[in-house]
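Asks: For reference, the file entry_36.cif (mmCIF, C-alpha atoms) is included below:
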```cif
data_entry
loop_
_atom_site.label_atom_id
_atom_site.label_comp_id
_atom_site.auth_asym_id
_atom_site.auth_seq_id
_atom_site.Cartn_x
_atom_site.Cartn_y
_atom_site.Cartn_z
CA MET A 1 319.04 126.27 61.82
CA SER A 2 318.06 127.69 58.44
CA GLY A 3 314.73 127.03 56.76
CA PRO A 4 313.88 126.10 53.19
CA THR A 5 315.33 128.03 50.29
CA ASP A 6 312.86 130.16 48.37
CA SER A 7 312.67 127.58 45.58
CA MET A 8 312.23 124.73 48.07
CA GLN A 9 309.49 126.62 49.88
CA ALA A 10 307.68 127.18 46.59
CA VAL A 11 307.76 123.43 45.95
CA LEU A 12 306.57 122.68 49.49
CA ASP A 13 303.67 125.09 49.03
CA ARG A 14 302.79 123.39 45.76
CA LEU A 15 302.88 119.96 47.39
CA ALA A 16 300.69 121.11 50.26
CA ALA A 17 298.07 122.31 47.78
CA GLU A 18 298.25 119.35 45.41
CA ASP A 19 298.40 116.62 48.05
CA ALA A 20 295.77 117.95 50.47
CA GLY A 21 293.70 115.00 51.63
CA LEU A 22 295.86 112.28 50.04
CA GLY A 23 297.23 111.02 53.36
CA ASP A 24 300.40 109.19 54.38
CA PRO A 25 301.29 106.18 52.18
CA THR A 26 303.09 104.48 55.07
CA LEU A 27 299.76 104.23 56.93
CA LEU A 28 298.13 102.30 54.07
CA ASP A 29 298.52 98.69 53.05
CA PRO A 30 301.65 98.25 50.90
CA GLN A 31 299.87 98.06 47.54
CA SER A 32 297.79 101.16 48.24
CA GLY A 33 300.84 102.97 49.56
CA ARG A 34 302.76 102.15 46.40
CA ALA A 35 299.93 103.43 44.24
CA LEU A 36 299.88 106.70 46.18
CA ALA A 37 303.67 107.05 45.98
CA ALA A 38 303.55 106.44 42.23
CA LEU A 39 300.83 109.05 41.84
CA ALA A 40 302.80 111.57 43.88
CA ASN A 41 305.88 111.07 41.69
CA LEU A 42 304.05 111.58 38.38
CA ARG A 43 304.56 115.34 38.55
CA TRP A 44 308.36 114.93 38.68
CA ASN A 45 308.35 112.79 35.53
CA ALA A 46 306.07 114.88 33.34
CA ASP A 47 308.79 117.08 31.80
CA LEU A 48 311.70 114.73 31.20
CA PRO A 49 315.07 115.76 29.78
CA GLY A 50 315.74 114.23 26.38
CA VAL A 51 318.02 111.21 25.99
CA ALA A 52 319.19 109.05 23.10
CA GLU A 53 317.37 105.98 24.35
CA ALA A 54 315.03 105.01 27.19
CA ARG A 55 313.52 101.55 27.29
CA THR A 56 312.31 98.86 29.66
CA VAL A 57 314.46 95.73 29.82
CA MET A 58 314.83 92.58 31.87
CA HIS A 59 318.10 92.38 33.76
CA ALA A 60 319.01 89.42 35.99
CA ASP A 61 315.32 88.43 35.77
CA LEU A 62 314.39 91.84 37.22
CA PRO A 63 312.40 94.55 35.45
CA ALA A 64 314.69 97.49 34.76
CA ARG A 65 314.82 100.76 32.87
CA LEU A 66 317.82 101.59 30.67
CA VAL A 67 318.53 105.24 29.90
CA VAL A 68 321.27 106.18 27.44
CA PRO A 69 322.14 109.88 27.19
CA GLU A 70 323.10 111.73 24.04
CA ASN A 71 326.54 112.36 25.58
CA ASP A 72 327.30 108.69 26.26
CA GLY A 73 331.08 108.27 26.24
CA GLY A 74 330.85 104.55 25.50
CA ALA A 75 333.09 103.31 28.32
CA GLU A 76 331.10 103.52 31.55
CA ALA A 77 327.67 102.76 33.01
CA ILE A 78 325.83 103.12 36.32
CA LEU A 79 323.63 100.63 38.14
CA HIS A 80 320.97 102.77 39.81
CA VAL A 81 319.01 101.66 42.89
CA HIS A 82 315.83 103.67 43.46
CA GLY A 83 314.69 104.88 46.86
CA GLY A 84 311.27 104.63 48.49
CA GLY A 85 311.79 103.27 52.00
CA TRP A 86 312.58 99.77 50.65
CA ALA A 87 308.80 99.51 50.15
CA PHE A 88 307.69 102.00 47.48
CA CYS A 89 308.69 103.42 44.09
CA SER A 90 310.12 101.92 40.93
CA ALA A 91 312.14 102.66 37.83
CA ALA A 92 309.14 104.64 36.59
CA THR A 93 308.98 106.93 39.64
CA HIS A 94 312.72 107.60 39.24
CA GLU A 95 312.81 108.06 35.47
CA GLY A 96 313.56 111.77 35.69
CA ALA A 97 316.30 111.22 38.24
CA ALA A 98 317.85 108.46 36.13
CA ARG A 99 317.86 110.68 33.05
CA ARG A 100 319.48 113.58 34.90
CA LEU A 101 322.09 111.27 36.39
CA ALA A 102 322.85 109.76 32.98
CA ILE A 103 323.28 113.18 31.39
CA ALA A 104 325.40 114.49 34.28
CA CYS A 105 327.72 111.47 34.19
CA GLY A 106 327.75 110.96 30.42
CA CYS A 107 326.91 107.27 30.52
CA PRO A 108 323.95 104.86 30.56
CA VAL A 109 322.00 104.39 33.77
CA LEU A 110 320.23 101.10 34.50
CA THR A 111 317.55 101.34 37.21
CA VAL A 112 316.61 97.91 38.58
CA GLU A 113 313.36 97.03 40.34
CA TYR A 114 314.23 94.96 43.39
CA ARG A 115 311.74 93.09 45.57
CA LEU A 116 310.02 95.39 48.06
CA ALA A 117 309.25 95.18 51.77
CA PRO A 118 307.24 94.31 53.77
CA GLU A 119 306.41 91.30 51.59
CA HIS A 120 310.14 90.90 50.87
CA PRO A 121 312.18 92.22 53.82
CA PHE A 122 315.98 92.16 54.15
CA PRO A 123 317.90 90.61 52.47
CA ALA A 124 315.66 90.21 49.41
CA GLY A 125 316.25 93.69 47.96
CA LEU A 126 319.98 93.51 48.59
CA ASP A 127 320.18 90.07 46.98
CA ASP A 128 318.44 91.48 43.89
CA VAL A 129 320.85 94.42 43.67
CA LEU A 130 323.80 92.05 43.90
CA ALA A 131 322.27 89.82 41.21
CA ALA A 132 321.91 92.88 38.99
CA TRP A 133 325.54 93.75 39.62
CA GLU A 134 326.70 90.25 38.67
CA ALA A 135 324.69 90.43 35.42
CA ARG A 136 326.27 93.71 34.25
CA ASP A 137 327.72 94.10 30.77
CA PRO A 138 331.50 93.54 31.13
CA ALA A 139 332.21 95.73 28.12
CA ARG A 140 331.74 98.83 30.32
CA ARG A 141 333.20 100.06 33.60
CA TRP A 142 330.33 100.17 36.09
CA SER A 143 329.59 102.31 39.10
CA ILE A 144 326.61 102.10 41.46
CA ALA A 145 324.24 104.84 42.63
CA GLY A 146 321.21 105.12 44.85
CA ASP A 147 319.03 107.58 46.71
CA SER A 148 317.59 107.18 50.22
CA ALA A 149 316.84 103.46 50.77
CA GLY A 150 318.46 102.88 47.38
CA ALA A 151 321.67 104.41 48.74
CA ASN A 152 321.41 102.02 51.68
CA LEU A 153 321.18 99.05 49.31
CA ALA A 154 323.97 100.38 47.11
CA LEU A 155 326.33 100.83 50.07
CA ALA A 156 325.35 97.44 51.51
CA ALA A 157 326.17 95.89 48.15
CA LEU A 158 329.56 97.62 48.15
CA LEU A 159 330.30 96.29 51.63
CA ARG A 160 329.31 92.75 50.62
CA LEU A 161 331.42 92.85 47.46
CA ALA A 162 334.44 94.35 49.22
CA GLY A 163 334.20 91.77 51.98
CA GLN A 164 334.20 88.98 49.40
CA GLY A 165 337.17 90.43 47.53
CA ALA A 166 334.97 90.65 44.43
CA ASP A 167 335.20 93.12 41.58
CA LEU A 168 334.00 96.47 42.89
CA PRO A 169 332.13 99.28 41.20
CA ALA A 170 334.42 102.09 40.10
CA MET A 171 332.50 104.47 42.36
CA GLY A 172 329.48 104.75 44.63
CA LEU A 173 327.15 107.75 44.26
CA LEU A 174 325.00 107.89 47.40
CA PHE A 175 322.30 110.53 47.71
CA TYR A 176 320.77 111.30 51.15
CA GLY A 177 321.06 107.70 52.21
CA VAL A 178 319.61 105.63 55.04
CA PHE A 179 322.75 104.46 56.81
CA GLY A 180 321.63 103.86 60.41
CA ALA A 181 318.57 103.26 62.58
CA ASP A 182 319.24 105.69 65.43
CA PHE A 183 316.12 107.86 65.71
CA ALA A 184 317.72 110.23 68.25
CA THR A 185 320.36 111.85 66.03
CA PRO A 186 320.50 115.66 65.86
CA SER A 187 318.75 115.73 62.50
CA TYR A 188 315.99 113.36 63.63
CA ILE A 189 315.39 115.64 66.60
CA ALA A 190 315.47 118.80 64.48
CA HIS A 191 313.24 117.44 61.68
CA GLU A 192 311.09 114.91 63.52
CA PHE A 193 307.97 116.27 61.84
CA GLY A 194 309.46 117.22 58.48
CA PRO A 195 308.99 119.04 56.23
CA GLY A 196 308.75 116.02 53.99
CA LEU A 197 310.12 112.85 55.55
CA THR A 198 309.35 112.40 59.25
CA ARG A 199 310.70 110.22 62.04
CA ALA A 200 307.43 108.27 62.21
CA LYS A 201 307.57 107.43 58.49
CA MET A 202 311.16 106.24 58.77
CA GLN A 203 310.31 104.10 61.77
CA ARG A 204 307.55 102.40 59.77
CA TYR A 205 309.89 101.86 56.81
CA TRP A 206 312.44 100.27 59.13
CA ASP A 207 309.80 98.05 60.73
CA TRP A 208 308.83 96.81 57.30
CA TYR A 209 312.42 96.22 56.17
CA ALA A 210 314.30 94.72 59.11
CA PRO A 211 313.58 93.86 62.76
CA GLU A 212 315.52 95.69 65.44
CA ALA A 213 317.68 92.63 66.10
CA ALA A 214 319.00 92.77 62.52
CA ARG A 215 319.95 96.45 62.56
CA ALA A 216 323.42 95.86 63.95
CA ASP A 217 324.30 94.13 60.66
CA PRO A 218 326.30 96.49 58.40
CA GLU A 219 324.39 95.16 55.41
CA VAL A 220 321.23 96.51 57.05
CA ALA A 221 322.64 99.67 58.66
CA PRO A 222 326.00 100.46 57.00
CA LEU A 223 327.13 102.82 59.77
CA ALA A 224 327.74 99.62 61.77
CA ALA A 225 330.56 98.67 59.36
CA THR A 226 334.08 98.42 60.75
CA ASP A 227 336.79 100.88 59.79
CA ALA A 228 338.48 98.11 57.82
CA ALA A 229 335.32 97.49 55.83
CA LEU A 230 334.92 101.20 55.06
CA THR A 231 338.57 101.47 54.04
CA ALA A 232 338.05 98.73 51.44
CA LEU A 233 335.29 100.65 49.63
CA PRO A 234 335.80 102.30 46.24
CA PRO A 235 335.62 106.12 45.99
CA LEU A 236 332.30 107.53 47.16
CA TYR A 237 330.29 110.65 46.47
CA LEU A 238 327.88 111.53 49.28
CA ASN A 239 325.32 114.24 49.64
CA ALA A 240 322.75 115.10 52.29
CA ALA A 241 319.75 117.40 52.45
CA GLY A 242 319.90 120.07 55.12
CA LEU A 243 316.25 119.67 56.23
CA ASP A 244 316.30 115.86 56.31
CA PRO A 245 315.93 113.60 59.39
CA LEU A 246 318.62 111.43 57.76
CA ARG A 247 321.20 114.21 57.41
CA SER A 248 323.18 113.19 60.51
CA GLU A 249 323.69 109.68 59.14
CA THR A 250 325.49 110.89 56.04
CA GLU A 251 327.44 113.40 58.12
CA ALA A 252 328.54 110.57 60.43
CA LEU A 253 329.54 108.38 57.49
CA ALA A 254 331.45 111.22 55.83
CA GLY A 255 333.23 111.94 59.11
CA ARG A 256 334.31 108.33 59.53
CA LEU A 257 335.57 108.13 55.95
CA ALA A 258 337.57 111.33 56.37
CA ALA A 259 339.08 110.09 59.63
CA LEU A 260 340.33 107.04 57.73
CA GLY A 261 342.30 109.32 55.42
CA ARG A 262 340.04 108.81 52.42
CA SER A 263 339.25 111.59 49.97
CA ASP A 264 335.55 110.96 49.33
CA ARG A 265 333.47 114.02 48.47
CA PHE A 266 330.57 115.04 50.69
CA ASP A 267 328.14 117.86 49.84
CA LEU A 268 325.60 119.18 52.31
CA VAL A 269 322.80 120.85 50.35
CA GLU A 270 321.26 123.36 52.73
CA GLY A 271 317.61 124.39 52.69
CA VAL A 272 316.18 121.33 50.92
CA VAL A 273 314.21 118.30 52.09
CA HIS A 274 314.71 114.57 51.78
CA GLY A 275 314.09 113.38 48.22
CA PHE A 276 314.84 116.77 46.69
CA MET A 277 316.68 115.27 43.72
CA GLN A 278 313.37 113.77 42.57
CA MET A 279 312.18 117.35 42.01
CA GLY A 280 314.57 118.29 39.22
CA SER A 281 311.83 119.62 36.96
CA ALA A 282 310.97 122.30 39.53
CA LEU A 283 313.96 122.68 41.85
CA PRO A 284 317.29 124.24 40.78
CA GLU A 285 319.03 122.73 43.82
CA ALA A 286 318.19 119.28 42.45
CA ARG A 287 319.67 120.07 39.06
CA ASP A 288 322.78 121.47 40.76
CA ALA A 289 323.09 118.29 42.82
CA PHE A 290 323.13 116.13 39.71
CA ALA A 291 325.78 118.40 38.21
CA ALA A 292 327.88 118.01 41.36
CA ALA A 293 327.54 114.22 41.19
CA GLY A 294 328.63 114.35 37.57
CA GLU A 295 331.71 116.38 38.51
CA ALA A 296 332.67 113.83 41.17
CA PHE A 297 332.04 110.98 38.74
CA ALA A 298 334.32 112.58 36.15
CA ARG A 299 337.12 112.98 38.70
CA LYS A 300 337.17 109.42 40.04
CA PRO A 301 340.39 107.46 39.54
CA ALA A 302 340.83 105.90 36.13
#
```
Is it possible to give me this structure as structure tokens?
Replies:
Amino acid sequence: MSGPTDSMQAVLDRLAAEDAGLGDPTLLDPQSGRALAALANLRWNADLPGVAEARTVMHADLPARLVVPENDGGAEAILHVHGGGWAFCSAATHEGAARRLAIACGCPVLTVEYRLAPEHPFPAGLDDVLAAWEARDPARRWSIAGDSAGANLALAALLRLAGQGADLPAMGLLFYGVFGADFATPSYIAHEFGPGLTRAKMQRYWDWYAPEAARADPEVAPLAATDAALTALPPLYLNAAGLDPLRSETEALAGRLAALGRSDRFDLVEGVVHGFMQMGSALPEARDAFAAAGEAFARKPA
């Protein structure tokens, strides 16, 4: 098992110095945890790439952030679902990621702020994502993207829409997603204590989001989806971080998709931790990951 890349280790050293004494946001009350998560993400949004437009909007009665890149092709757009354990983060914490995704894909990115757990457990966040999808501008061809818990919600939305026979996003871009609730996978065992995300943190996130009895529902844990449901999905781009407790979940999903004869792209980014794409201002692997997502986006079927 390899360790962090040199650039990832430099970021980890920086975080250890900057965050000494701040504590674990999942051990605080939700509001205090959100404030700490927002503070921790400020550093990744201090040196933002330039775009043609970035503004706050209301979308389906939800606060949202619209980012339009200089290279907007005019035909497509992406609905972006931010991560944060279903409980933390916002469009503001993911502004840098949204801008890099917009530039990489050459189209606007709309990041919606869904209701957060534990005050609003499943299915509130998923219902909000689906409402945002229904309210999209029909003048463009839309895809959906998400990181971590946002990837969980994005894939759950895809499963719901496919099951209903509804209009589907052109593509799903799913970055180091939460796709199951098995805490004994190889990656959970290997990275139980991090660096970065830990098993204990993920267990608390899950407890806030959905009780154990609900975790057999594919809309909660998408790895529970049937082969038929996975076959009905649009093209997907998946990536996973090599030093992430969640890595095995994306590997399992990618394996199932491949066994079904699909041609979805899966990239394993070695030597980086969960959430690494948030670190684009400091981490070349993050910038490379957005470029890879943009390549996959450009190659999706017309």
Asks: I'd like the neighbourhood of A:Gly255 as a PyMOL selection string, where a residue qualifies if any of its atoms comes within 12 Å (using all atoms listed in the file), though same-chain residues fewer than 6 positions away should be ignored.
Replies: chain A and resi 223+227+230+238+248-249+261-266
Asks: Quick one: apply the PyMOL selection byres ((chain A and resi 88) around 9) to the file and drop the selected residues here as a PyMOL selection string.
Replies: chain A and resi 25+30-31+33-35+37-38+83-87+89-90+116-117
Asks: Do a neighbour search on A:Ala64 at 12 Å with only C-alpha atoms, toss out local chain neighbours closer than 4 positions, and write the hits as a CSV table (one decimal) with C-alpha atoms, in the frame of the given file.
Replies:
```
chain,number,residue,atom,x,y,z
A,54,ALA,CA,315.0,105.0,27.2
A,55,ARG,CA,313.5,101.6,27.3
A,56,THR,CA,312.3,98.9,29.7
A,57,VAL,CA,314.5,95.7,29.8
A,58,MET,CA,314.8,92.6,31.9
A,59,HIS,CA,318.1,92.4,33.8
A,60,ALA,CA,319.0,89.4,36.0
A,79,LEU,CA,323.6,100.6,38.1
A,80,HIS,CA,321.0,102.8,39.8
A,81,VAL,CA,319.0,101.7,42.9
A,82,HIS,CA,315.8,103.7,43.5
A,90,SER,CA,310.1,101.9,40.9
A,91,ALA,CA,312.1,102.7,37.8
A,92,ALA,CA,309.1,104.6,36.6
A,94,HIS,CA,312.7,107.6,39.2
A,95,GLU,CA,312.8,108.1,35.5
A,98,ALA,CA,317.8,108.5,36.1
A,109,VAL,CA,322.0,104.4,33.8
A,110,LEU,CA,320.2,101.1,34.5
A,111,THR,CA,317.6,101.3,37.2
A,112,VAL,CA,316.6,97.9,38.6
A,113,GLU,CA,313.4,97.0,40.3
A,114,TYR,CA,314.2,95.0,43.4
A,128,ASP,CA,318.4,91.5,43.9
A,129,VAL,CA,320.8,94.4,43.7
A,132,ALA,CA,321.9,92.9,39.0
```
Asks: Could you state the separation of atom CA of A:Pro245 and atom CA of A:Gln278 in Å, given to one decimal place?
Replies: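 About the pair atom CA of A:Pro245 and atom CA of A:Gln278: they are 17.0 Å apart.
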Asks: Report, as AutoDock Vina command-line options, the centre and edge lengths in Å (one decimal) of the axis-aligned box enclosing every listed atom of stretch 227-242 of chain A, padded by 5 Å on each side.
Replies:
```
--center_x 329.2 --center_y 108.8 --center_z 52.9 --size_x 28.8 --size_y 32.6 --size_z 23.8
```
